[in-house]
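In what follows, a structure is listed as structure tokens, so that the remarks can point back to it.
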Amino acid sequence: MKKNTIKAALMSALLFPGLGHLALKRGRRGCVFLLPCALAVLYVLRHVLQLVTTLADEINAGTLQLDPQLISDRVDATVNALPGMNVALVVCVLCWAGSIADAFWLGRAAKADAGSDIGSDAAV
């Protein structure tokens with residue numbers, strides 16, 4: 001069971017939050033972490049791709065110089081104007097950390113339950 005615990009925690013840590021719960025066959029609990037994080041990632045990607053498209057169009061049109069400092073200032077100004085971006089990033093971090101800890105805890109709890117079942121069978 002220890003192998004499943006480590007596998008679940010690593011899946012949640014390295015792949016995506018909630019996937020470790022799916023490996024432990026705890027799909028509903030995994031969706032608690034997976035869905036908010038997926039929505040937050042989609043929100044961030046939508047705005048980043050929109051910004052990249054706008055910047056590329058302005059560079060191609062010649063209205064924005066190809067200067068890294070100007071582009072960086074423009075990105076900072078745009079990101080600061082989107083308060084939802086910070087919220088989305090916090091949601092991702094919290095879901096990721098919570099999913100890792102919960103997958104590890106679920107795996108440990110399942111191991112403890114299996115150990116107590118073995119002990120009760122020996123008493124019979």
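Scheme for the structure tokens: letters A, B, ... for chains in order shown; per-chain residue numbers from 1; ligand numbers from 1 in order shown.
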Using only C-alpha atoms, find each residue of range 10-39 of chain A with at least one atom at most 6 Å away from an atom of range 92-100 of chain A; report its shortest atom-to-atom pair and that distance in Å (one decimal), sort the rows by chain and rising residue number, and return the result as a Markdown table.
| residue | atom | partner | partner_atom | distance |
| --- | --- | --- | --- | --- |
| A:Ser12 | CA | A:Ile100 | CA | 5.3 |
| A:Ala13 | CA | A:Ile100 | CA | 5.7 |
| A:Pro17 | CA | A:Trp96 | CA | 5.1 |
| A:Gly18 | CA | A:Ser99 | CA | 5.8 |
| A:Phe33 | CA | A:Cys95 | CA | 5.3 |
| A:Cys37 | CA | A:Cys92 | CA | 5.0 |
Item to complete: Write down as number ranges by chain the residues of chain A whose backbone DSSP state falls under alpha helix (DSSP H).
Response: A: 2-10, 19-23, 27-61, 68-80, 83-123
Store the residues of this selection in a file with C-alpha atoms, as a CSV table (one decimal), in the first residue's frame.
chain,number,residue,atom,x,y,z
A,2,LYS,CA,3.0,2.3,0.6
A,3,LYS,CA,3.8,2.2,-3.1
A,4,ASN,CA,0.2,3.4,-4.0
A,5,THR,CA,0.6,6.3,-1.5
A,6,ILE,CA,3.8,7.5,-3.0
A,7,LYS,CA,2.4,7.0,-6.5
A,8,ALA,CA,-0.7,9.0,-5.7
A,9,ALA,CA,1.2,11.8,-4.1
A,10,LEU,CA,3.6,12.0,-7.1
A,19,LEU,CA,-5.0,12.6,-10.4
A,20,GLY,CA,-3.5,10.9,-7.4
A,21,HIS,CA,-7.0,10.6,-5.9
A,22,LEU,CA,-8.2,8.9,-9.1
A,23,ALA,CA,-5.3,6.4,-8.8
A,27,GLY,CA,-12.7,10.2,-7.9
A,28,ARG,CA,-15.2,12.6,-6.2
A,29,ARG,CA,-12.5,13.8,-3.8
A,30,GLY,CA,-10.1,14.2,-6.6
A,31,CYS,CA,-12.6,16.4,-8.5
A,32,VAL,CA,-12.6,18.8,-5.5
A,33,PHE,CA,-9.0,19.5,-6.4
A,34,LEU,CA,-9.0,18.9,-10.2
A,35,LEU,CA,-11.9,21.0,-11.3
A,36,PRO,CA,-11.0,24.4,-9.6
A,37,CYS,CA,-7.4,24.0,-10.7
A,38,ALA,CA,-8.4,23.2,-14.3
A,39,LEU,CA,-10.8,26.2,-14.4
A,40,ALA,CA,-8.0,28.5,-13.0
A,41,VAL,CA,-5.5,27.2,-15.5
A,42,LEU,CA,-7.9,27.7,-18.4
A,43,TYR,CA,-8.6,31.3,-17.1
A,44,VAL,CA,-4.9,32.0,-17.0
A,45,LEU,CA,-4.2,30.4,-20.4
A,46,ARG,CA,-7.1,32.3,-22.0
A,47,HIS,CA,-5.7,35.7,-20.9
A,48,VAL,CA,-2.1,34.9,-21.6
A,49,LEU,CA,-2.9,33.8,-25.1
A,50,GLN,CA,-5.0,36.8,-25.7
A,51,LEU,CA,-2.2,39.1,-24.5
A,52,VAL,CA,0.4,37.2,-26.7
A,53,THR,CA,-1.8,37.6,-29.7
A,54,THR,CA,-2.3,41.3,-29.0
A,55,LEU,CA,1.4,41.9,-28.5
A,56,ALA,CA,2.3,39.9,-31.6
A,57,ASP,CA,-0.2,41.9,-33.7
A,58,GLU,CA,1.2,45.2,-32.4
A,59,ILE,CA,4.8,44.1,-33.1
A,60,ASN,CA,3.9,43.0,-36.6
A,61,ALA,CA,2.0,46.3,-37.3
A,68,PRO,CA,12.2,43.3,-24.3
A,69,GLN,CA,11.9,46.0,-21.7
A,70,LEU,CA,8.9,47.6,-23.4
A,71,ILE,CA,7.2,44.2,-23.9
A,72,SER,CA,7.9,43.3,-20.2
A,73,ASP,CA,6.4,46.7,-19.0
A,74,ARG,CA,3.3,46.1,-21.2
A,75,VAL,CA,2.9,42.5,-19.8
A,76,ASP,CA,3.2,43.8,-16.2
A,77,ALA,CA,0.6,46.5,-16.8
A,78,THR,CA,-1.8,44.1,-18.4
A,79,VAL,CA,-1.4,41.4,-15.7
A,80,ASN,CA,-1.8,44.0,-12.9
A,83,PRO,CA,-7.2,41.0,-10.5
A,84,GLY,CA,-8.6,37.6,-11.4
A,85,MET,CA,-5.1,36.4,-12.5
A,86,ASN,CA,-3.7,36.5,-9.0
A,87,VAL,CA,-6.8,34.7,-7.6
A,88,ALA,CA,-6.4,32.0,-10.3
A,89,LEU,CA,-2.8,31.5,-9.5
A,90,VAL,CA,-3.5,31.2,-5.7
A,91,VAL,CA,-6.3,28.7,-6.5
A,92,CYS,CA,-3.8,26.6,-8.5
A,93,VAL,CA,-1.2,26.7,-5.8
A,94,LEU,CA,-3.7,25.8,-3.0
A,95,CYS,CA,-5.2,23.0,-5.1
A,96,TRP,CA,-1.8,21.6,-5.9
A,97,ALA,CA,-0.5,21.6,-2.3
A,98,GLY,CA,-3.8,20.4,-0.9
A,99,SER,CA,-4.0,17.6,-3.4
A,100,ILE,CA,-0.5,16.3,-2.6
A,101,ALA,CA,-1.1,16.3,1.1
A,102,ASP,CA,-4.6,14.8,0.8
A,103,ALA,CA,-3.5,12.0,-1.6
A,104,PHE,CA,-0.6,11.1,0.8
A,105,TRP,CA,-3.0,11.2,3.8
A,106,LEU,CA,-5.6,9.0,2.0
A,107,GLY,CA,-2.9,6.5,1.1
A,108,ARG,CA,-1.7,6.4,4.7
A,109,ALA,CA,-5.2,6.1,6.0
A,110,ALA,CA,-6.0,3.2,3.6
A,111,LYS,CA,-2.8,1.5,4.8
A,112,ALA,CA,-3.8,1.9,8.4
A,113,ASP,CA,-7.3,0.5,7.7
A,114,ALA,CA,-5.8,-2.5,5.9
A,115,GLY,CA,-3.5,-3.1,8.9
A,116,SER,CA,-6.3,-2.9,11.3
A,117,ASP,CA,-8.3,-5.4,9.2
A,118,ILE,CA,-5.4,-7.9,9.3
A,119,GLY,CA,-5.2,-7.6,13.0
A,120,SER,CA,-8.9,-8.2,13.5
A,121,ASP,CA,-8.8,-11.3,11.3
A,122,ALA,CA,-6.0,-12.7,13.4
A,123,ALA,CA,-8.1,-12.3,16.6
